[in-house]
Amino acid sequence: MKSHYFPSKIKVALIELKSIMAIKKLNDRIVLDGLEGKLVQCLADKLNFEIEILLSPNGEMLSNYGNGTWSGIVGMLQRGEADMGVMALTLSERTLKVVDFSIPYDVHEYIFVTKEPGQMPKVSAFTYPFSQDLWILYILMILAATILFQRIMFRKATLLGSFLSVLGSIASQAMENVRDTPWRRVMFGMWMTIAAVMPFYYNTSFLSFLTMPGKVPVPRNFEELSKAVLGGKYKCLTSIGTGDRMILLESANEYLVKLGKIIEKNNWEYSYEEEFVDLLDDPVAIIISKIGLNILLGLPPYVSVKTSNDYLGVWHMAINLRKGFCCRERLNAVLSGIVSGGLYKKWANDHAFHDKLHERLEVKHEEPELQLTLEDLKMAFYALFIGYGLALMAFLAELLVPRSLKIFHS
């Protein structure tokens, strides 16, 4: 027969944190609020025990000293100072030797977030339709056609004259002074096909970029984030007092290890008490769990951050207990009822909603601007006027440069 005994007082190690663990006093009685606070309070009400609160002395959840001892909440459990440790702690192999665990009650899905990327500037939209590699290939193809046509297609043409003819064909201008033979017609036809198709693709893509501008590229996964951080384009912050850095440094992936080393070298960290939006003003990525992101920032579509496409890892959340805790089975039975009844998920959604409700009310609906404006076409007009200027210079060169110099014709 299972024992229904449970201690009348439980020492709970925790960290006070808004929306996650709030300590309130009601009628001379301590009441816990927040996501993790509701969980502990529900356990206390059901198991009829009094909560003795012990705050982590250094404000950390866990930190490994490297000699078998731990600090933070896990350290308090290891030393027997507390019976139970909460604050969304994970069930991990690293701490299994020093603490026991309850059954899992949720999961931590670790991701990173960056500031929601803005629109790419339309002023330079003329470069967007093709990638950098394609632009290089296209330019090399024009130069190759210039040399080839000058040698075997045109009659008495210089390289400059051949180049202007090839460039003009791309702009739908006729090519003159071409030698007319069957195999040259085949070559000429192939080039005219390229000269017609490439500008068509460019024009259609260019118009689509003007009407629906793309987003400024940001790291989409941890591999891209590692490259961006190592290249000095981004900073990456991990939470104070958690094992995020250890996870990176102990990873089997080399790019994660490199990311962990540079974070440790620069001591890039953040506190859950800080305003996340302010931290993301610069090119900064923050490693955080999905549930923590929802609680501290709110739920979409009112969150102006970009989340990664992959996970650093997924870990089960469990209440940490000191070794030899008497009543783990009784605790697990009540915790199982809370989880299977969906209470923890409901508390998480409730806090993600009402804690950020005032921010939602301040959000104003804005109709998207789909029309093109003069500002959008500014670069197009610049390019047009530059083209007219170059055409005028070429026209004057043809009039004023003596034919004896043989710039265009040999």
# chains A, B, ... in the order shown; residues from 1 in each chain; ligands from 1
$ select_by_dssp --residues "range 238-308 of chain A" --states "alpha helix (DSSP H)" --output "ChimeraX atom specification"
/A:244-249,254-266,276-279,290-297
$ residues_around --residues "Val166 in chain A" --least-positions-apart "3" --cutoff "9 Å" --atoms "only C-alpha atoms" --output "compact mmCIF listing (two decimals) with N, CA and C atoms, in the first residue's frame"
# COMPACT_ATOMS: atom_id res chain seq x y z
N ILE A 142 29.42 38.61 -70.99
CA ILE A 142 29.43 39.78 -71.89
C ILE A 142 30.85 40.05 -72.39
N LEU A 143 31.83 39.96 -71.48
CA LEU A 143 33.22 40.19 -71.88
C LEU A 143 33.71 39.12 -72.86
N ALA A 145 31.78 37.39 -74.90
CA ALA A 145 31.11 37.65 -76.18
C ALA A 145 31.76 38.82 -76.91
N THR A 146 32.21 39.83 -76.17
CA THR A 146 32.88 40.98 -76.77
C THR A 146 34.13 40.55 -77.52
N PHE A 149 33.13 38.07 -80.57
CA PHE A 149 32.50 38.75 -81.69
C PHE A 149 33.49 39.67 -82.42
N GLY A 161 34.45 48.96 -79.75
CA GLY A 161 33.28 48.93 -80.62
C GLY A 161 32.49 47.65 -80.46
N SER A 162 33.19 46.53 -80.33
CA SER A 162 32.52 45.25 -80.12
C SER A 162 31.77 45.23 -78.79
N PHE A 163 32.40 45.77 -77.76
CA PHE A 163 31.77 45.83 -76.44
C PHE A 163 30.47 46.64 -76.47
N SER A 169 23.00 45.20 -77.69
CA SER A 169 22.07 44.10 -77.98
C SER A 169 21.27 43.69 -76.75
N ILE A 170 21.89 43.85 -75.58
CA ILE A 170 21.17 43.54 -74.34
C ILE A 170 20.05 44.56 -74.11
N MET A 175 22.44 44.97 -83.97
CA MET A 175 23.89 44.79 -84.15
C MET A 175 24.20 44.89 -85.64
N ALA A 195 20.54 37.48 -75.10
CA ALA A 195 20.34 38.92 -74.93
C ALA A 195 18.86 39.27 -74.74
$ closest_residue --among "A:Arg151, A:Arg179, A:Arg322, A:His108" --to "Leu293 in chain A" --atoms "only C-alpha atoms"
A:His108
$ atom_distance --atom1 "CA of Ser63 in chain A" --atom2 "CA of Leu32 in chain A"
25.0 Å
$ residues_around --residues "Asn221 in chain A" --least-positions-apart "2" --cutoff "6 Å" --atoms "only C-alpha atoms" --output "PDB file with N, CA, C and O atoms, in the first residue's frame"
ATOM      1  N   PRO A 219      20.545  35.550 -39.841  1.00  0.00           N
ATOM      2  CA  PRO A 219      20.836  34.118 -39.650  1.00  0.00           C
ATOM      3  C   PRO A 219      19.545  33.322 -39.436  1.00  0.00           C
ATOM      4  O   PRO A 219      18.679  33.716 -38.658  1.00  0.00           O
ATOM      5  N   GLU A 223      24.023  27.235 -37.544  1.00  0.00           N
ATOM      6  CA  GLU A 223      25.250  27.227 -38.353  1.00  0.00           C
ATOM      7  C   GLU A 223      25.489  28.605 -38.966  1.00  0.00           C
ATOM      8  O   GLU A 223      26.610  29.120 -38.948  1.00  0.00           O
ATOM      9  N   GLU A 224      24.418  29.221 -39.500  1.00  0.00           N
ATOM     10  CA  GLU A 224      24.550  30.564 -40.066  1.00  0.00           C
ATOM     11  C   GLU A 224      24.860  31.582 -38.973  1.00  0.00           C
ATOM     12  O   GLU A 224      25.622  32.519 -39.185  1.00  0.00           O
ATOM     13  N   SER A 308      14.707  31.222 -34.937  1.00  0.00           N
ATOM     14  CA  SER A 308      15.526  30.347 -35.777  1.00  0.00           C
ATOM     15  C   SER A 308      14.690  29.181 -36.309  1.00  0.00           C
ATOM     16  O   SER A 308      13.663  28.811 -35.740  1.00  0.00           O
ATOM     17  N   ASN A 309      15.165  28.604 -37.402  1.00  0.00           N
ATOM     18  CA  ASN A 309      14.468  27.475 -38.018  1.00  0.00           C
ATOM     19  C   ASN A 309      14.816  26.145 -37.372  1.00  0.00           C
ATOM     20  O   ASN A 309      14.114  25.157 -37.600  1.00  0.00           O
ATOM     21  N   ASP A 310      15.890  26.096 -36.612  1.00  0.00           N
ATOM     22  CA  ASP A 310      16.280  24.848 -35.968  1.00  0.00           C
ATOM     23  C   ASP A 310      16.408  25.051 -34.464  1.00  0.00           C
ATOM     24  O   ASP A 310      16.228  26.159 -33.956  1.00  0.00           O
TER      25      ASP A 310
END
$ residues_around --residues "Gly37 in chain A" --least-positions-apart "6" --cutoff "8 Å" --atoms "only C-alpha atoms" --output "MDAnalysis selection string"
chainID A and resid 20:23
$ write_last_selection --atoms "C-alpha atoms" --output "mmCIF file, in the first residue's frame"
data_model
loop_
_atom_site.group_PDB
_atom_site.id
_atom_site.type_symbol
_atom_site.label_atom_id
_atom_site.label_comp_id
_atom_site.auth_asym_id
_atom_site.auth_seq_id
_atom_site.Cartn_x
_atom_site.Cartn_y
_atom_site.Cartn_z
ATOM 1 C CA ILE A 20 7.642 33.194 -13.969
ATOM 2 C CA MET A 21 8.020 33.251 -10.189
ATOM 3 C CA ALA A 22 6.339 36.063 -8.230
ATOM 4 C CA ILE A 23 6.188 36.051 -4.414
#
$ closest_atom_pairs --of "range 106-196 of chain A" --to "range 90-93 of chain A" --cutoff "12 Å" --atoms "only C-alpha atoms" --output "Markdown table"
| residue | atom | partner | partner_atom | distance |
| --- | --- | --- | --- | --- |
| A:Asp106 | CA | A:Thr90 | CA | 9.3 |
| A:Val107 | CA | A:Thr90 | CA | 8.2 |
| A:His108 | CA | A:Thr90 | CA | 7.7 |
| A:Glu109 | CA | A:Thr90 | CA | 11.0 |
| A:Tyr110 | CA | A:Thr90 | CA | 11.7 |
$ write_last_selection --atoms "C-alpha atoms" --output "PDB file, in the first residue's frame"
ATOM      1  CA  ASP A 106       6.983  20.255 -20.169  1.00  0.00           C
ATOM      2  CA  VAL A 107       9.841  20.697 -22.624  1.00  0.00           C
ATOM      3  CA  HIS A 108      12.441  23.361 -23.327  1.00  0.00           C
ATOM      4  CA  GLU A 109      12.909  23.929 -27.059  1.00  0.00           C
ATOM      5  CA  TYR A 110      16.022  26.084 -27.268  1.00  0.00           C
TER       6      TYR A 110
END
$ closest_residue --among "A:Met84, A:Leu343, A:Ala318, A:Leu89" --to "Ser289 in chain A" --atoms "only C-alpha atoms"
A:Leu89
$ select_by_dssp --residues "range 59-142 of chain A" --states "strand (DSSP E or B)" --output "compact mmCIF listing (two decimals) with C-alpha atoms, in the first residue's frame"
# COMPACT_ATOMS: atom_id res chain seq x y z
CA LEU A 62 22.86 26.26 -12.05
CA SER A 63 26.52 26.62 -12.78
CA ASN A 64 29.15 23.90 -12.69
CA TRP A 70 27.37 23.29 -8.38
CA SER A 71 26.14 26.78 -7.60
CA MET A 84 12.87 21.19 -4.03
CA GLY A 85 14.18 23.42 -6.84
CA THR A 90 15.72 20.54 -16.96
CA VAL A 99 19.95 15.76 -7.63
CA ASP A 100 16.87 13.66 -8.27
CA PHE A 101 14.06 14.58 -10.63
CA ASP A 106 6.98 20.25 -20.17
CA VAL A 107 9.84 20.70 -22.62
CA HIS A 108 12.44 23.36 -23.33
CA GLU A 109 12.91 23.93 -27.06
CA TYR A 110 16.02 26.08 -27.27
CA ILE A 111 16.14 28.49 -30.22
CA PHE A 112 17.69 31.88 -30.90
CA VAL A 113 15.85 35.07 -31.79
CA THR A 114 16.92 38.15 -33.70
CA LYS A 115 15.20 41.42 -34.44
CA GLN A 119 12.72 45.61 -45.76
$ closest_residue --among "A:Val98, A:Phe126, A:Leu77, A:His354" --to "Lys378 in chain A" --atoms "only C-alpha atoms"
A:Phe126
$ closest_residue --among "A:Leu167, A:Tyr270, A:Glu16, A:Leu225" --to "Gly241 in chain A" --atoms "only C-alpha atoms"
A:Tyr270
$ closest_residue --among "A:Pro129, A:Ser226, A:Met153, A:Leu96" --to "Phe206 in chain A" --atoms "only C-alpha atoms"
A:Pro129
$ atom_distance --atom1 "CA of Lys290 in chain A" --atom2 "CA of Val216 in chain A"
23.4 Å
$ residues_around --residues "Leu55 in chain A" --least-positions-apart "3" --cutoff "9 Å" --atoms "only C-alpha atoms" --output "PDB file with C-alpha atoms, in the first residue's frame"
ATOM      1  CA  VAL A  12      11.802  25.499  -2.132  1.00  0.00           C
ATOM      2  CA  ALA A  13      14.847  27.041  -3.854  1.00  0.00           C
ATOM      3  CA  LEU A  14      13.901  29.554  -6.517  1.00  0.00           C
ATOM      4  CA  ILE A  15      14.612  32.897  -8.169  1.00  0.00           C
ATOM      5  CA  GLU A  16      12.060  35.676  -8.079  1.00  0.00           C
ATOM      6  CA  ASN A  58      23.780  34.399  -6.558  1.00  0.00           C
ATOM      7  CA  GLY A  59      20.626  34.574  -8.668  1.00  0.00           C
ATOM      8  CA  ILE A  73      19.512  26.284  -7.183  1.00  0.00           C
TER       9      ILE A  73
END
$ atom_distance --atom1 "CA of Leu54 in chain A" --atom2 "CA of Gly72 in chain A"
11.0 Å
$ decode --residues "range 82-110 of chain A" --atoms "N, CA and C atoms" --output "PDB file, in the first residue's frame"
ATOM      1  N   ALA A  82      17.968  22.852   0.472  1.00  0.00           N
ATOM      2  CA  ALA A  82      16.589  22.927   0.005  1.00  0.00           C
ATOM      3  C   ALA A  82      16.107  21.529  -0.365  1.00  0.00           C
ATOM      4  N   ASP A  83      14.784  21.352  -0.328  1.00  0.00           N
ATOM      5  CA  ASP A  83      14.188  20.065  -0.686  1.00  0.00           C
ATOM      6  C   ASP A  83      13.802  20.004  -2.154  1.00  0.00           C
ATOM      7  N   MET A  84      13.423  21.148  -2.684  1.00  0.00           N
ATOM      8  CA  MET A  84      12.865  21.189  -4.032  1.00  0.00           C
ATOM      9  C   MET A  84      13.393  22.427  -4.755  1.00  0.00           C
ATOM     10  N   GLY A  85      13.724  22.287  -6.032  1.00  0.00           N
ATOM     11  CA  GLY A  85      14.180  23.418  -6.837  1.00  0.00           C
ATOM     12  C   GLY A  85      13.332  23.551  -8.088  1.00  0.00           C
ATOM     13  N   VAL A  86      12.860  24.752  -8.330  1.00  0.00           N
ATOM     14  CA  VAL A  86      12.035  24.998  -9.525  1.00  0.00           C
ATOM     15  C   VAL A  86      12.676  26.112 -10.355  1.00  0.00           C
ATOM     16  N   MET A  87      11.955  26.655 -11.285  1.00  0.00           N
ATOM     17  CA  MET A  87      12.395  27.667 -12.265  1.00  0.00           C
ATOM     18  C   MET A  87      12.699  27.014 -13.598  1.00  0.00           C
ATOM     19  N   ALA A  88      11.791  26.126 -14.036  1.00  0.00           N
ATOM     20  CA  ALA A  88      11.898  25.485 -15.353  1.00  0.00           C
ATOM     21  C   ALA A  88      13.239  24.787 -15.531  1.00  0.00           C
ATOM     22  N   LEU A  89      13.709  24.113 -14.486  1.00  0.00           N
ATOM     23  CA  LEU A  89      14.960  23.360 -14.574  1.00  0.00           C
ATOM     24  C   LEU A  89      14.759  22.119 -15.425  1.00  0.00           C
ATOM     25  N   THR A  90      15.830  21.666 -16.035  1.00  0.00           N
ATOM     26  CA  THR A  90      15.723  20.539 -16.960  1.00  0.00           C
ATOM     27  C   THR A  90      16.157  19.240 -16.293  1.00  0.00           C
ATOM     28  N   LEU A  91      15.701  18.169 -16.901  1.00  0.00           N
ATOM     29  CA  LEU A  91      16.132  16.828 -16.506  1.00  0.00           C
ATOM     30  C   LEU A  91      17.356  16.505 -17.352  1.00  0.00           C
ATOM     31  N   SER A  92      18.539  16.549 -16.722  1.00  0.00           N
ATOM     32  CA  SER A  92      19.764  16.413 -17.504  1.00  0.00           C
ATOM     33  C   SER A  92      20.710  15.394 -16.879  1.00  0.00           C
ATOM     34  N   GLU A  93      21.523  14.810 -17.737  1.00  0.00           N
ATOM     35  CA  GLU A  93      22.509  13.833 -17.284  1.00  0.00           C
ATOM     36  C   GLU A  93      23.616  14.497 -16.467  1.00  0.00           C
ATOM     37  N   ARG A  94      23.875  15.788 -16.754  1.00  0.00           N
ATOM     38  CA  ARG A  94      24.956  16.495 -16.059  1.00  0.00           C
ATOM     39  C   ARG A  94      24.678  16.620 -14.558  1.00  0.00           C
ATOM     40  N   THR A  95      23.414  16.815 -14.182  1.00  0.00           N
ATOM     41  CA  THR A  95      23.089  17.034 -12.765  1.00  0.00           C
ATOM     42  C   THR A  95      22.512  15.796 -12.090  1.00  0.00           C
ATOM     43  N   LEU A  96      22.436  14.676 -12.838  1.00  0.00           N
ATOM     44  CA  LEU A  96      21.819  13.467 -12.297  1.00  0.00           C
ATOM     45  C   LEU A  96      22.550  12.933 -11.067  1.00  0.00           C
ATOM     46  N   LYS A  97      23.867  13.167 -10.983  1.00  0.00           N
ATOM     47  CA  LYS A  97      24.647  12.646  -9.864  1.00  0.00           C
ATOM     48  C   LYS A  97      24.414  13.413  -8.565  1.00  0.00           C
ATOM     49  N   VAL A  98      23.888  14.641  -8.663  1.00  0.00           N
ATOM     50  CA  VAL A  98      23.765  15.464  -7.453  1.00  0.00           C
ATOM     51  C   VAL A  98      22.319  15.736  -7.046  1.00  0.00           C
ATOM     52  N   VAL A  99      21.368  15.533  -7.962  1.00  0.00           N
ATOM     53  CA  VAL A  99      19.952  15.764  -7.627  1.00  0.00           C
ATOM     54  C   VAL A  99      19.101  14.652  -8.214  1.00  0.00           C
ATOM     55  N   ASP A 100      17.879  14.535  -7.694  1.00  0.00           N
ATOM     56  CA  ASP A 100      16.866  13.661  -8.272  1.00  0.00           C
ATOM     57  C   ASP A 100      15.858  14.522  -9.035  1.00  0.00           C
ATOM     58  N   PHE A 101      15.007  13.851  -9.805  1.00  0.00           N
ATOM     59  CA  PHE A 101      14.060  14.581 -10.629  1.00  0.00           C
ATOM     60  C   PHE A 101      12.643  14.029 -10.449  1.00  0.00           C
ATOM     61  N   SER A 102      11.690  14.930 -10.633  1.00  0.00           N
ATOM     62  CA  SER A 102      10.301  14.501 -10.743  1.00  0.00           C
ATOM     63  C   SER A 102      10.059  14.014 -12.166  1.00  0.00           C
ATOM     64  N   ILE A 103       8.829  13.633 -12.466  1.00  0.00           N
ATOM     65  CA  ILE A 103       8.500  13.309 -13.846  1.00  0.00           C
ATOM     66  C   ILE A 103       8.524  14.607 -14.671  1.00  0.00           C
ATOM     67  N   PRO A 104       8.768  14.532 -15.966  1.00  0.00           N
ATOM     68  CA  PRO A 104       8.746  15.753 -16.787  1.00  0.00           C
ATOM     69  C   PRO A 104       7.345  16.361 -16.836  1.00  0.00           C
ATOM     70  N   TYR A 105       7.286  17.691 -16.884  1.00  0.00           N
ATOM     71  CA  TYR A 105       5.986  18.351 -16.995  1.00  0.00           C
ATOM     72  C   TYR A 105       5.909  19.283 -18.208  1.00  0.00           C
ATOM     73  N   ASP A 106       7.000  19.486 -18.921  1.00  0.00           N
ATOM     74  CA  ASP A 106       6.983  20.255 -20.169  1.00  0.00           C
ATOM     75  C   ASP A 106       8.346  20.103 -20.815  1.00  0.00           C
ATOM     76  N   VAL A 107       8.553  20.791 -21.935  1.00  0.00           N
ATOM     77  CA  VAL A 107       9.841  20.697 -22.624  1.00  0.00           C
ATOM     78  C   VAL A 107      10.394  22.092 -22.891  1.00  0.00           C
ATOM     79  N   HIS A 108      11.726  22.157 -22.909  1.00  0.00           N
ATOM     80  CA  HIS A 108      12.441  23.361 -23.327  1.00  0.00           C
ATOM     81  C   HIS A 108      12.909  23.140 -24.757  1.00  0.00           C
ATOM     82  N   GLU A 109      12.429  23.950 -25.679  1.00  0.00           N
ATOM     83  CA  GLU A 109      12.909  23.929 -27.059  1.00  0.00           C
ATOM     84  C   GLU A 109      13.785  25.162 -27.238  1.00  0.00           C
ATOM     85  N   TYR A 110      15.097  24.952 -27.232  1.00  0.00           N
ATOM     86  CA  TYR A 110      16.022  26.084 -27.268  1.00  0.00           C
ATOM     87  C   TYR A 110      16.230  26.556 -28.709  1.00  0.00           C
TER      88      TYR A 110
END
